[in-house]
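Visitor: Below is the file my_file-v1.cif, which contains mmCIF, C-alpha atoms.
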data_run
#
loop_
_atom_site.group_PDB
_atom_site.id
_atom_site.type_symbol
_atom_site.label_atom_id
_atom_site.label_comp_id
_atom_site.auth_asym_id
_atom_site.auth_seq_id
_atom_site.Cartn_x
_atom_site.Cartn_y
_atom_site.Cartn_z
ATOM 1 C CA MET A 238 71.092 46.889 94.011
ATOM 2 C CA THR A 239 68.798 47.267 90.987
ATOM 3 C CA MET A 240 68.257 50.545 89.127
ATOM 4 C CA ALA A 241 64.748 50.817 90.610
ATOM 5 C CA GLU A 242 66.094 50.441 94.159
ATOM 6 C CA LEU A 243 68.881 52.916 93.450
ATOM 7 C CA SER A 244 66.385 55.430 92.076
ATOM 8 C CA LEU A 245 64.138 54.988 95.126
ATOM 9 C CA ALA A 246 67.077 55.490 97.504
ATOM 10 C CA PHE A 247 68.073 58.667 95.648
ATOM 11 C CA SER A 248 64.494 59.978 95.843
ATOM 12 C CA LYS A 249 64.473 59.330 99.608
ATOM 13 C CA LEU A 250 67.714 61.265 99.991
ATOM 14 C CA GLN A 251 66.393 64.186 97.948
ATOM 15 C CA PHE A 252 63.062 64.323 99.757
ATOM 16 C CA LYS A 253 64.599 64.032 103.227
ATOM 17 C CA SER A 254 67.010 66.888 102.485
ATOM 18 C CA ASP A 255 64.338 69.187 100.992
ATOM 19 C CA THR A 256 62.882 70.788 104.104
ATOM 20 C CA LYS A 257 60.744 73.389 102.309
ATOM 21 C CA THR A 258 59.038 70.787 100.127
ATOM 22 C CA ARG A 259 58.159 68.714 103.190
ATOM 23 C CA GLN A 260 56.850 71.780 105.007
ATOM 24 C CA ARG A 261 54.542 72.617 102.079
ATOM 25 C CA LEU A 262 53.376 68.994 101.921
ATOM 26 C CA TRP A 263 52.485 68.821 105.629
ATOM 27 C CA ARG A 264 50.765 72.212 105.508
ATOM 28 C CA LYS A 265 48.596 71.179 102.532
ATOM 29 C CA LEU A 266 47.815 67.770 103.989
ATOM 30 C CA SER A 267 46.816 69.332 107.320
ATOM 31 C CA LYS A 268 44.395 71.668 105.523
ATOM 32 C CA LEU A 269 42.876 68.802 103.519
ATOM 33 C CA LEU A 270 42.397 66.697 106.664
ATOM 34 C CA ARG A 271 40.652 69.592 108.424
ATOM 35 C CA ASP A 272 38.330 69.854 105.419
ATOM 36 C CA GLY A 273 37.301 66.220 105.932
ATOM 37 C CA ILE A 274 39.243 64.692 103.037
ATOM 38 C CA PRO A 275 40.602 61.178 103.793
ATOM 39 C CA ILE A 276 44.360 61.014 104.096
ATOM 40 C CA ILE A 277 45.019 58.804 101.056
ATOM 41 C CA ALA A 278 42.745 60.921 98.877
ATOM 42 C CA GLY A 279 44.477 64.045 100.155
ATOM 43 C CA LEU A 280 47.921 62.659 99.376
ATOM 44 C CA ASN A 281 46.823 61.615 95.879
ATOM 45 C CA GLU A 282 45.406 65.084 95.300
ATOM 46 C CA ILE A 283 48.737 66.656 96.215
ATOM 47 C CA ARG A 284 50.620 64.129 94.114
ATOM 48 C CA GLY A 285 48.482 64.900 91.078
ATOM 49 C CA LEU A 286 49.881 68.444 91.001
ATOM 50 C CA LYS A 287 53.505 67.259 90.796
ATOM 51 C CA LYS A 288 55.649 65.636 88.137
ATOM 52 C CA PRO A 289 55.523 61.817 88.415
ATOM 53 C CA THR A 290 59.320 61.635 88.700
ATOM 54 C CA ALA A 291 59.625 64.330 91.393
ATOM 55 C CA PRO A 292 60.847 63.013 94.777
ATOM 56 C CA ILE A 293 57.622 64.144 96.466
ATOM 57 C CA SER A 294 55.574 62.139 93.932
ATOM 58 C CA VAL A 295 57.743 59.056 94.435
ATOM 59 C CA ALA A 296 57.389 59.465 98.209
ATOM 60 C CA ILE A 297 53.608 59.836 98.148
ATOM 61 C CA ALA A 298 53.246 56.864 95.781
ATOM 62 C CA ALA A 299 55.245 54.688 98.197
ATOM 63 C CA TRP A 300 53.213 55.950 101.170
ATOM 64 C CA THR A 301 49.828 55.344 99.593
ATOM 65 C CA ARG A 302 50.851 51.821 98.568
ATOM 66 C CA GLY A 303 51.780 51.090 102.175
ATOM 67 C CA MET A 304 48.597 52.615 103.600
ATOM 68 C CA ASN A 305 46.455 50.710 101.111
ATOM 69 C CA ASN A 306 48.039 47.585 102.613
ATOM 70 C CA GLY A 307 46.887 48.610 106.092
ATOM 71 C CA ARG A 308 49.964 50.456 107.394
ATOM 72 C CA LYS A 309 49.827 53.790 109.247
ATOM 73 C CA LEU A 310 51.164 57.057 107.856
ATOM 74 C CA SER A 311 53.899 57.141 110.513
ATOM 75 C CA GLU A 312 55.078 53.676 109.468
ATOM 76 C CA VAL A 313 55.339 54.457 105.774
ATOM 77 C CA VAL A 314 56.975 57.889 106.135
ATOM 78 C CA ARG A 315 59.621 56.744 108.651
ATOM 79 C CA PRO A 316 62.475 56.295 106.099
ATOM 80 C CA TRP A 317 61.565 59.555 104.341
ATOM 81 C CA VAL A 318 61.474 62.068 107.206
ATOM 82 C CA THR A 319 63.477 63.230 110.210
ATOM 83 C CA THR A 320 63.129 61.775 113.710
ATOM 84 C CA GLU A 321 61.312 64.913 114.886
ATOM 85 C CA GLU A 322 58.706 64.663 112.129
ATOM 86 C CA TYR A 323 58.200 60.966 112.769
ATOM 87 C CA MET A 324 57.609 61.483 116.508
ATOM 88 C CA LEU A 325 55.024 64.199 115.926
ATOM 89 C CA ILE A 326 53.165 62.184 113.277
ATOM 90 C CA VAL A 327 53.026 59.203 115.648
ATOM 91 C CA ALA A 328 51.623 61.458 118.355
ATOM 92 C CA GLY A 329 49.022 62.880 115.968
ATOM 93 C CA GLU A 330 47.833 59.414 114.947
ATOM 94 C CA GLU A 331 47.622 58.183 118.521
ATOM 95 C CA SER A 332 45.752 61.283 119.697
ATOM 96 C CA GLY A 333 43.434 61.498 116.679
ATOM 97 C CA THR A 334 44.652 65.036 115.900
ATOM 98 C CA LEU A 335 46.850 64.353 112.894
ATOM 99 C CA ASP A 336 45.991 67.689 111.271
ATOM 100 C CA GLU A 337 47.238 69.589 114.335
ATOM 101 C CA ALA A 338 50.296 67.351 114.574
ATOM 102 C CA LEU A 339 51.212 68.161 110.969
ATOM 103 C CA ASN A 340 51.053 71.867 111.821
ATOM 104 C CA SER A 341 53.431 71.144 114.705
ATOM 105 C CA VAL A 342 55.692 69.318 112.252
ATOM 106 C CA VAL A 343 55.842 72.471 110.123
ATOM 107 C CA LYS A 344 56.591 74.608 113.191
ATOM 108 C CA VAL A 345 59.378 72.326 114.433
ATOM 109 C CA SER A 346 60.779 71.932 110.932
ATOM 110 C CA LYS A 347 60.859 75.703 110.445
ATOM 111 C CA ALA A 348 62.610 76.171 113.785
ATOM 112 C CA LYS A 349 65.154 73.541 112.785
ATOM 113 C CA SER A 350 65.711 75.323 109.461
ATOM 114 C CA ASP A 351 66.232 78.623 111.293
ATOM 115 C CA ILE A 352 68.733 76.967 113.611
ATOM 116 C CA ASN A 353 70.545 75.332 110.692
ATOM 117 C CA SER A 354 70.687 78.667 108.871
ATOM 118 C CA ALA A 355 72.095 80.342 111.981
ATOM 119 C CA VAL A 356 74.679 77.594 112.474
ATOM 120 C CA PHE A 357 75.806 77.418 108.862
ATOM 121 C CA GLY A 358 75.762 81.199 108.545
ATOM 122 C CA GLY A 359 77.868 81.553 111.687
ATOM 123 C CA LEU A 360 80.343 78.867 110.646
ATOM 124 C CA ALA A 361 80.673 79.776 106.968
ATOM 125 C CA TYR A 362 83.135 82.634 107.480
ATOM 126 C CA PRO A 363 85.318 80.821 110.076
ATOM 127 C CA PHE A 364 85.336 77.789 107.764
ATOM 128 C CA PHE A 365 86.429 80.025 104.882
ATOM 129 C CA LEU A 366 89.241 81.414 107.068
ATOM 130 C CA MET A 367 90.332 77.887 107.946
ATOM 131 C CA LEU A 368 90.492 76.918 104.270
ATOM 132 C CA LEU A 369 92.386 80.121 103.551
ATOM 133 C CA SER A 370 94.857 79.276 106.321
ATOM 134 C CA PHE A 371 95.420 75.825 104.839
ATOM 135 C CA GLY A 372 95.957 77.446 101.453
ATOM 136 C CA ILE A 373 98.509 79.883 102.851
ATOM 137 C CA LEU A 374 100.317 77.096 104.699
ATOM 138 C CA TYR A 375 100.440 75.057 101.507
ATOM 139 C CA LEU A 376 101.705 78.041 99.494
ATOM 140 C CA PHE A 377 104.492 78.848 101.947
ATOM 141 C CA GLY A 378 105.361 75.240 102.730
ATOM 142 C CA PHE A 379 105.475 73.862 99.201
ATOM 143 C CA LYS A 380 106.152 76.888 96.993
ATOM 144 C CA ILE A 381 107.624 80.024 98.554
ATOM 145 C CA VAL A 382 110.054 78.699 101.192
ATOM 146 C CA PRO A 383 111.428 75.894 98.970
ATOM 147 C CA ALA A 384 112.120 78.542 96.322
ATOM 148 C CA PHE A 385 114.147 80.561 98.865
ATOM 149 C CA THR A 386 116.097 77.527 100.038
ATOM 150 C CA LYS A 387 117.252 76.994 96.475
ATOM 151 C CA ALA A 388 118.882 80.418 96.587
ATOM 152 C CA ALA A 389 120.564 79.827 99.954
ATOM 153 C CA ARG A 390 121.146 76.654 101.949
ATOM 154 C CA GLY A 391 118.486 76.181 104.644
ATOM 155 C CA ASP A 392 121.027 75.416 107.390
ATOM 156 C CA ALA A 393 122.525 78.888 106.917
ATOM 157 C CA TRP A 394 119.278 80.647 107.855
ATOM 158 C CA VAL A 395 118.722 81.928 111.394
ATOM 159 C CA GLY A 396 116.018 83.683 113.420
ATOM 160 C CA PHE A 397 112.588 84.082 111.864
ATOM 161 C CA ALA A 398 113.859 82.743 108.541
ATOM 162 C CA ARG A 399 114.914 79.530 110.289
ATOM 163 C CA THR A 400 111.438 79.288 111.840
ATOM 164 C CA MET A 401 109.902 79.605 108.343
ATOM 165 C CA ILE A 402 112.006 76.723 107.088
ATOM 166 C CA ASP A 403 111.043 74.552 110.065
ATOM 167 C CA ALA A 404 107.373 75.436 109.507
ATOM 168 C CA SER A 405 107.738 74.582 105.818
ATOM 169 C CA SER A 406 109.170 71.196 106.714
ATOM 170 C CA PHE A 407 106.316 70.563 109.150
ATOM 171 C CA VAL A 408 103.701 71.512 106.532
ATOM 172 C CA GLN A 409 105.248 69.260 103.902
ATOM 173 C CA ASN A 410 105.235 66.295 106.279
ATOM 174 C CA TYR A 411 101.978 66.764 108.195
ATOM 175 C CA LEU A 412 99.542 69.123 106.421
ATOM 176 C CA HIS A 413 97.736 66.330 104.590
ATOM 177 C CA TRP A 414 97.373 64.394 107.845
ATOM 178 C CA ILE A 415 95.938 67.446 109.602
ATOM 179 C CA GLY A 416 93.410 67.878 106.768
ATOM 180 C CA LEU A 417 92.389 64.217 106.938
ATOM 181 C CA LEU A 418 92.063 64.455 110.726
ATOM 182 C CA ALA A 419 89.775 67.492 110.435
ATOM 183 C CA ILE A 420 87.538 65.654 107.937
ATOM 184 C CA ALA A 421 87.467 62.529 110.110
ATOM 185 C CA LEU A 422 86.490 64.544 113.198
ATOM 186 C CA ALA A 423 83.656 66.242 111.290
ATOM 187 C CA VAL A 424 82.312 62.879 110.075
ATOM 188 C CA LEU A 425 82.660 61.399 113.565
ATOM 189 C CA PHE A 426 80.718 64.303 115.065
ATOM 190 C CA PHE A 427 77.719 63.913 112.760
ATOM 191 C CA VAL A 428 77.708 60.127 113.164
ATOM 192 C CA SER A 429 77.835 60.509 116.947
ATOM 193 C CA LEU A 430 74.829 62.857 117.211
ATOM 194 C CA PRO A 431 72.085 60.170 117.248
ATOM 195 C CA ARG A 432 74.303 57.273 118.404
ATOM 196 C CA TRP A 433 76.630 58.314 121.232
ATOM 197 C CA THR A 434 74.925 57.519 124.532
ATOM 198 C CA SER A 435 77.620 57.602 127.250
ATOM 199 C CA ALA A 436 77.448 59.623 130.475
ATOM 200 C CA PHE A 437 80.113 61.957 129.101
ATOM 201 C CA ARG A 438 77.816 62.744 126.159
ATOM 202 C CA ALA A 439 75.234 64.053 128.641
ATOM 203 C CA LYS A 440 77.817 66.601 129.820
ATOM 204 C CA LEU A 441 78.709 67.594 126.247
ATOM 205 C CA ASP A 442 75.009 68.062 125.469
ATOM 206 C CA MET A 443 75.097 71.211 127.575
ATOM 207 C CA PHE A 444 77.500 72.887 125.161
ATOM 208 C CA ALA A 445 77.432 73.738 121.452
ATOM 209 C CA PRO A 446 77.404 72.062 119.012
ATOM 210 C CA TYR A 447 75.866 69.051 120.819
ATOM 211 C CA SER A 448 73.403 71.301 122.646
ATOM 212 C CA ILE A 449 71.823 72.249 119.302
ATOM 213 C CA TYR A 450 70.884 68.609 118.701
ATOM 214 C CA ARG A 451 69.539 68.292 122.257
ATOM 215 C CA VAL A 452 67.379 71.392 121.807
ATOM 216 C CA MET A 453 65.709 70.171 118.623
ATOM 217 C CA GLN A 454 65.159 66.623 119.870
ATOM 218 C CA GLY A 455 63.864 67.852 123.225
ATOM 219 C CA SER A 456 61.374 70.375 121.858
ATOM 220 C CA SER A 457 59.981 67.890 119.334
ATOM 221 C CA TRP A 458 59.651 65.269 122.059
ATOM 222 C CA LEU A 459 57.814 67.660 124.381
ATOM 223 C CA ILE A 460 55.287 68.627 121.712
ATOM 224 C CA ALA A 461 54.718 64.976 120.760
ATOM 225 C CA LEU A 462 54.370 63.981 124.412
ATOM 226 C CA SER A 463 51.767 66.688 125.033
ATOM 227 C CA ALA A 464 49.695 65.462 122.072
ATOM 228 C CA LEU A 465 49.620 61.905 123.423
ATOM 229 C CA VAL A 466 48.827 62.994 126.985
ATOM 230 C CA GLN A 467 46.036 65.285 125.741
ATOM 231 C CA ALA A 468 44.557 62.252 123.979
ATOM 232 C CA GLY A 469 44.261 60.516 127.346
ATOM 233 C CA MET A 470 47.271 58.217 127.067
ATOM 234 C CA PRO A 471 49.068 57.552 130.406
ATOM 235 C CA ILE A 472 52.432 59.292 130.633
ATOM 236 C CA VAL A 473 54.383 56.008 130.805
ATOM 237 C CA ALA A 474 52.618 54.588 127.745
ATOM 238 C CA ALA A 475 53.147 57.865 125.864
ATOM 239 C CA ILE A 476 56.899 57.850 126.502
ATOM 240 C CA GLU A 477 57.102 54.178 125.531
ATOM 241 C CA GLN A 478 55.272 54.983 122.292
ATOM 242 C CA LEU A 479 57.683 57.808 121.455
ATOM 243 C CA GLY A 480 60.628 55.538 122.194
ATOM 244 C CA ASN A 481 59.636 53.131 119.411
ATOM 245 C CA GLY A 482 61.883 53.851 116.451
ATOM 246 C CA ALA A 483 63.787 56.576 118.312
ATOM 247 C CA SER A 484 67.530 57.045 117.849
ATOM 248 C CA PRO A 485 69.832 55.348 120.403
ATOM 249 C CA TRP A 486 70.569 58.770 121.939
ATOM 250 C CA LEU A 487 66.896 59.584 122.498
ATOM 251 C CA ALA A 488 65.958 56.022 123.456
ATOM 252 C CA THR A 489 68.566 56.055 126.237
ATOM 253 C CA ARG A 490 67.118 59.251 127.717
ATOM 254 C CA LEU A 491 63.554 58.000 127.503
ATOM 255 C CA ALA A 492 64.517 54.693 129.129
ATOM 256 C CA ALA A 493 66.074 56.600 132.049
ATOM 257 C CA ALA A 494 62.904 58.689 132.430
ATOM 258 C CA LEU A 495 60.721 55.565 132.360
ATOM 259 C CA LYS A 496 62.849 53.978 135.072
ATOM 260 C CA GLY A 497 62.185 56.965 137.328
ATOM 261 C CA LEU A 498 58.463 57.027 136.552
ATOM 262 C CA ARG A 499 58.108 53.332 137.381
ATOM 263 C CA SER A 500 59.815 54.028 140.698
ATOM 264 C CA GLY A 501 56.961 56.343 141.654
ATOM 265 C CA ARG A 502 58.478 59.709 140.707
ATOM 266 C CA ASN A 503 56.701 62.295 138.589
ATOM 267 C CA LEU A 504 58.040 63.163 135.137
ATOM 268 C CA GLY A 505 60.063 66.180 136.266
ATOM 269 C CA GLU A 506 61.733 64.227 139.061
ATOM 270 C CA ALA A 507 62.417 61.276 136.756
ATOM 271 C CA LEU A 508 64.083 63.495 134.146
ATOM 272 C CA GLU A 509 66.161 65.237 136.801
ATOM 273 C CA ARG A 510 67.273 62.001 138.478
ATOM 274 C CA SER A 511 68.361 60.547 135.123
ATOM 275 C CA GLY A 512 71.258 63.020 135.015
ATOM 276 C CA ASN A 513 71.003 63.408 131.244
ATOM 277 C CA ASN A 514 69.956 67.097 131.283
ATOM 278 C CA PHE A 515 67.210 66.153 128.835
ATOM 279 C CA PRO A 516 65.424 68.031 127.504
ATOM 280 C CA ASP A 517 66.973 70.964 129.435
ATOM 281 C CA PRO A 518 67.606 71.720 133.134
ATOM 282 C CA GLU A 519 65.356 74.785 133.060
ATOM 283 C CA ILE A 520 62.588 72.870 131.295
ATOM 284 C CA ILE A 521 62.905 70.039 133.823
ATOM 285 C CA SER A 522 62.279 72.566 136.612
ATOM 286 C CA ASP A 523 59.123 73.759 134.850
ATOM 287 C CA ILE A 524 57.914 70.183 134.367
ATOM 288 C CA ARG A 525 58.443 69.460 138.082
ATOM 289 C CA ILE A 526 56.198 72.408 138.920
ATOM 290 C CA TYR A 527 53.404 71.411 136.526
ATOM 291 C CA ALA A 528 53.639 67.609 136.902
ATOM 292 C CA THR A 529 51.403 67.540 139.966
ATOM 293 C CA LYS A 530 48.998 70.244 138.774
ATOM 294 C CA SER A 531 45.889 70.056 136.600
ATOM 295 C CA GLY A 532 46.323 70.957 132.940
ATOM 296 C CA PHE A 533 49.685 69.215 132.757
ATOM 297 C CA ASP A 534 49.179 68.200 129.109
ATOM 298 C CA GLU A 535 48.498 71.778 128.009
ATOM 299 C CA ALA A 536 51.428 73.060 130.092
ATOM 300 C CA ILE A 537 53.781 70.622 128.353
ATOM 301 C CA ARG A 538 52.588 71.815 124.936
ATOM 302 C CA ILE A 539 53.110 75.473 125.861
ATOM 303 C CA ILE A 540 56.565 74.750 127.299
ATOM 304 C CA GLY A 541 57.585 72.912 124.118
ATOM 305 C CA ASN A 542 56.363 75.679 121.808
ATOM 306 C CA GLU A 543 58.003 78.422 123.866
ATOM 307 C CA TRP A 544 61.250 76.515 124.109
ATOM 308 C CA ILE A 545 61.480 76.163 120.332
ATOM 309 C CA THR A 546 61.228 79.942 119.889
ATOM 310 C CA GLU A 547 63.662 80.696 122.709
ATOM 311 C CA SER A 548 66.137 78.096 121.470
ATOM 312 C CA VAL A 549 66.228 79.548 117.969
ATOM 313 C CA GLU A 550 66.974 82.989 119.431
ATOM 314 C CA LYS A 551 69.671 81.624 121.764
ATOM 315 C CA ILE A 552 71.431 79.704 119.006
ATOM 316 C CA GLN A 553 71.251 82.655 116.632
ATOM 317 C CA GLY A 554 72.873 84.819 119.322
ATOM 318 C CA LEU A 555 75.565 82.196 119.950
ATOM 319 C CA MET A 556 76.438 81.944 116.271
ATOM 320 C CA ARG A 557 76.607 85.744 115.942
ATOM 321 C CA MET A 558 79.141 85.703 118.762
ATOM 322 C CA ILE A 559 81.155 82.954 117.045
ATOM 323 C CA LEU A 560 81.035 84.897 113.771
ATOM 324 C CA GLY A 561 82.337 87.998 115.535
#
As structure tokens, please, write out the structure in this file.
Guide:
Amino acid sequence: MTMAELSLAFSKLQFKSDTKTRQRLWRKLSKLLRDGIPIIAGLNEIRGLKKPTAPISVAIAAWTRGMNNGRKLSEVVRPWVTTEEYMLIVAGEESGTLDEALNSVVKVSKAKSDINSAVFGGLAYPFFLMLLSFGILYLFGFKIVPAFTKAARGDAWVGFARTMIDASSFVQNYLHWIGLLAIALAVLFFVSLPRWTSAFRAKLDMFAPYSIYRVMQGSSWLIALSALVQAGMPIVAAIEQLGNGASPWLATRLAAALKGLRSGRNLGEALERSGNNFPDPEIISDIRIYATKSGFDEAIRIIGNEWITESVEKIQGLMRMILG
């Protein structure tokens, strides 16, 4: 990999992890589009206010090069943004309401930030206690108890003292393996979020922490779906469109919904029959009610927006309980 490629990859990583910068970018671009400014001109105007080496400047430069070559905004931003942002931008382009879609991107992104803050805030103290526990185990296992056994032979100790020596021996032999296992499980969890697609995953999606991922993906998908349906796109074509470039986890759920729709069921019935609990059992019930009524596209949008707000509140409450 050349230095230029390495620098570009680092800029992508920085930009994708800087939620606030992306929110400001989408908000400004939405305003410029509403004012009638072409998208490339609007992006260049925003870029002109930033340092040339800033990640946002590097991102916009790459995007404008791609769009000047005939590519869509959604195509050029795909490696730089989250799945939720990509889906909403696709929906905005297809529906011709990109400015509104960018506002939805900001809303979903802010909800995701609130959820992340609640999760990290709720887990920070328990994580600190876990590290403290490991530190205490290390101190007793490698320092304090061995010092005592030098004063008196370990086989002469009985009762609680004997238990301490056995615990010290266990810590010396297995503590590093326990630490490595904890790290491996954490890595496996984050890798599994967009990739694990088994039937058992559908059951785990009903419980934290997997439910948090389901909530964010589901609300973003609902808002994007409503934008495409409002633009006059058939429901099957809209779901197919949103499945392009989706993660394996989301693609599996959309494929199951499409199978039901092609069998003659409405969207609510198709989602329920899939057995994936996506986007949420309560939301599926609402969709079943509205699927056969007029104003279905607007109902989907309202459901998605309300669910984002409710989900943030639910997750914040859950993390407060975990913290307690």
Visitor: Please identify all polymer residues within 10 Å of stretch 479-492 of chain A, counting only C-alpha atoms, omitting same-chain residues fewer than 4 positions from it, and present them as a CSV table (one decimal) with C-alpha atoms, in the coordinates of the input.
Guide:
chain,number,residue,atom,x,y,z
A,312,GLU,CA,55.1,53.7,109.5
A,315,ARG,CA,59.6,56.7,108.7
A,320,THR,CA,63.1,61.8,113.7
A,321,GLU,CA,61.3,64.9,114.9
A,323,TYR,CA,58.2,61.0,112.8
A,324,MET,CA,57.6,61.5,116.5
A,325,LEU,CA,55.0,64.2,115.9
A,327,VAL,CA,53.0,59.2,115.6
A,328,ALA,CA,51.6,61.5,118.4
A,429,SER,CA,77.8,60.5,116.9
A,430,LEU,CA,74.8,62.9,117.2
A,431,PRO,CA,72.1,60.2,117.2
A,432,ARG,CA,74.3,57.3,118.4
A,433,TRP,CA,76.6,58.3,121.2
A,434,THR,CA,74.9,57.5,124.5
A,435,SER,CA,77.6,57.6,127.2
A,438,ARG,CA,77.8,62.7,126.2
A,439,ALA,CA,75.2,64.1,128.6
A,451,ARG,CA,69.5,68.3,122.3
A,454,GLN,CA,65.2,66.6,119.9
A,455,GLY,CA,63.9,67.9,123.2
A,458,TRP,CA,59.7,65.3,122.1
A,461,ALA,CA,54.7,65.0,120.8
A,462,LEU,CA,54.4,64.0,124.4
A,465,LEU,CA,49.6,61.9,123.4
A,473,VAL,CA,54.4,56.0,130.8
A,474,ALA,CA,52.6,54.6,127.7
A,475,ALA,CA,53.1,57.9,125.9
A,496,LYS,CA,62.8,54.0,135.1
A,497,GLY,CA,62.2,57.0,137.3
A,498,LEU,CA,58.5,57.0,136.6
A,507,ALA,CA,62.4,61.3,136.8
A,508,LEU,CA,64.1,63.5,134.1
A,511,SER,CA,68.4,60.5,135.1
A,512,GLY,CA,71.3,63.0,135.0
A,513,ASN,CA,71.0,63.4,131.2
A,514,ASN,CA,70.0,67.1,131.3
A,515,PHE,CA,67.2,66.2,128.8
A,516,PRO,CA,65.4,68.0,127.5
Visitor: What residues come out when you apply the PyMOL selection byres ((chain A and resi 318) around 9) to this file, written as a list in words?
Guide: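 Applying the expression gives Lys249, Phe252, Lys253, Ser254, Arg259, Val314, Arg315, Pro316, Trp317, Thr319, Thr320, Glu321, Glu322 and Tyr323 of chain A.
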Visitor: What is the atom CA of A:Lys287-atom CA of A:Leu262 distance in Å, reported with one decimal?
Guide: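 Distance reported for this atom pair: 11.3 Å.
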Visitor: Stretch 427-459 of chain A near stretch 546-558 of chain A within 12 Å: what's each residue's closest atom pair and its distance in Å to one decimal, counting only C-alpha atoms, ordered by chain then ascending residue number, as CSV?
Guide:
residue,atom,partner,partner_atom,distance
A:Phe444,CA,A:Leu555,CA,10.8
A:Ala445,CA,A:Leu555,CA,8.8
A:Pro446,CA,A:Ile552,CA,9.7
A:Tyr447,CA,A:Ile552,CA,11.7
A:Ser448,CA,A:Ile552,CA,9.4
A:Ile449,CA,A:Ile552,CA,7.5
A:Tyr450,CA,A:Ser548,CA,11.0
A:Arg451,CA,A:Ser548,CA,10.4
A:Val452,CA,A:Ser548,CA,6.8
A:Met453,CA,A:Ser548,CA,8.4
A:Gln454,CA,A:Ser548,CA,11.6
A:Gly455,CA,A:Ser548,CA,10.6
A:Ser456,CA,A:Ser548,CA,9.1
Visitor: When you count only C-alpha atoms, which of these residues is closest to A:Gly372: A:Trp263, A:Asp272, A:Ala241, A:Val408?
Guide: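 Result for the nearest residue to A:Gly372: A:Val408.
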Visitor: To test your reading of the syntax: which residues would the PyMOL selection byres ((chain A and resi 521) around 12) return for the file shown? Reply as number ranges by chain.
Guide: A: 455, 459, 494, 503-520, 522-528, 537, 540-541, 544
Visitor: Please report the interatomic distance between atom CA of A:Ser457 and atom CA of A:Val345 in Å with one decimal.
Guide: 6.6 Å
Visitor: Hey, can you check how far atom CA of A:Gly561 sits from atom CA of A:Phe357?
Guide: 14.1 Å
Visitor: Using all atoms listed in the file, which protein or nucleic acid residues come within 12 Å of A:Gln467? Drop anything in the same chain fewer than 2 positions from it, and give the result as a list in words.
Guide: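 Returned residues: Ala328, Gly329, Glu331, Ser332, Gly333, Thr334, Ile460, Ala461, Leu462, Ser463, Ala464, Leu465, Gly469, Met470, Pro471, Ile472, Ala475, Ser531, Gly532, Phe533, Asp534, Glu535, Ala536, Ile537 and Arg538 of chain A.
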Visitor: Generate the output file for the selected residues, C-alpha atoms, as a PDB file, in the frame of the given file.
Guide:
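Below you can see out.pdb, which holds the result:
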ATOM      1  CA  ALA A 328      51.623  61.458 118.355  1.00  0.00           C
ATOM      2  CA  GLY A 329      49.022  62.880 115.968  1.00  0.00           C
ATOM      3  CA  GLU A 331      47.622  58.183 118.521  1.00  0.00           C
ATOM      4  CA  SER A 332      45.752  61.283 119.697  1.00  0.00           C
ATOM      5  CA  GLY A 333      43.434  61.498 116.679  1.00  0.00           C
ATOM      6  CA  THR A 334      44.652  65.036 115.900  1.00  0.00           C
ATOM      7  CA  ILE A 460      55.287  68.627 121.712  1.00  0.00           C
ATOM      8  CA  ALA A 461      54.718  64.976 120.760  1.00  0.00           C
ATOM      9  CA  LEU A 462      54.370  63.981 124.412  1.00  0.00           C
ATOM     10  CA  SER A 463      51.767  66.688 125.033  1.00  0.00           C
ATOM     11  CA  ALA A 464      49.695  65.462 122.072  1.00  0.00           C
ATOM     12  CA  LEU A 465      49.620  61.905 123.423  1.00  0.00           C
ATOM     13  CA  GLY A 469      44.261  60.516 127.346  1.00  0.00           C
ATOM     14  CA  MET A 470      47.271  58.217 127.067  1.00  0.00           C
ATOM     15  CA  PRO A 471      49.068  57.552 130.406  1.00  0.00           C
ATOM     16  CA  ILE A 472      52.432  59.292 130.633  1.00  0.00           C
ATOM     17  CA  ALA A 475      53.147  57.865 125.864  1.00  0.00           C
ATOM     18  CA  SER A 531      45.889  70.056 136.600  1.00  0.00           C
ATOM     19  CA  GLY A 532      46.323  70.957 132.940  1.00  0.00           C
ATOM     20  CA  PHE A 533      49.685  69.215 132.757  1.00  0.00           C
ATOM     21  CA  ASP A 534      49.179  68.200 129.109  1.00  0.00           C
ATOM     22  CA  GLU A 535      48.498  71.778 128.009  1.00  0.00           C
ATOM     23  CA  ALA A 536      51.428  73.060 130.092  1.00  0.00           C
ATOM     24  CA  ILE A 537      53.781  70.622 128.353  1.00  0.00           C
ATOM     25  CA  ARG A 538      52.588  71.815 124.936  1.00  0.00           C
TER      26      ARG A 538
END
Visitor: Neighbours of A:Leu286 within 12 Å (all atoms listed in the file; same-chain residues fewer than 6 positions away dropped), as a PyMOL selection string?
Guide: chain A and resi 262+265+279-280+293-294+297
Visitor: Draw an axis-aligned box over all listed atoms of stretch 484-494 of chain A, pad each side with 5 Å, and write its centre and edge lengths in Å, one decimal, as AutoDock Vina command-line options.
Guide:
--center_x 66.7 --center_y 57.1 --center_z 125.1 --size_x 17.7 --size_y 14.9 --size_z 24.6
Visitor: Using the chain letters and residue numbers of this document, give as JSON, numbers by chain the residues selected by the PyMOL selection byres ((chain A and resi 268) around 12).
Guide: {"A": [261, 262, 263, 264, 265, 266, 267, 269, 270, 271, 272, 273, 274, 275, 276, 279, 280, 283, 335, 336, 337, 338, 339, 340]}
Visitor: Could you give me, as a list in words, the residues within 9 Å of A:Ser346, counting only C-alpha atoms and dropping anything in the same chain fewer than 3 positions from it?
Guide: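 With the cut-off at 9 Å, the set is Thr256, Lys257, Arg259, Gln260, Glu321, Glu322, Ser341, Val342, Val343, Lys349, Ser350 and Asp351 of chain A.
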Visitor: Measuring atom to atom with only C-alpha atoms, identify which of A:Thr290, A:Arg502, A:Asn542, A:Asn306 is nearest to A:Thr529.
Guide: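 Closest residue, counting only C-alpha atoms: A:Arg502.
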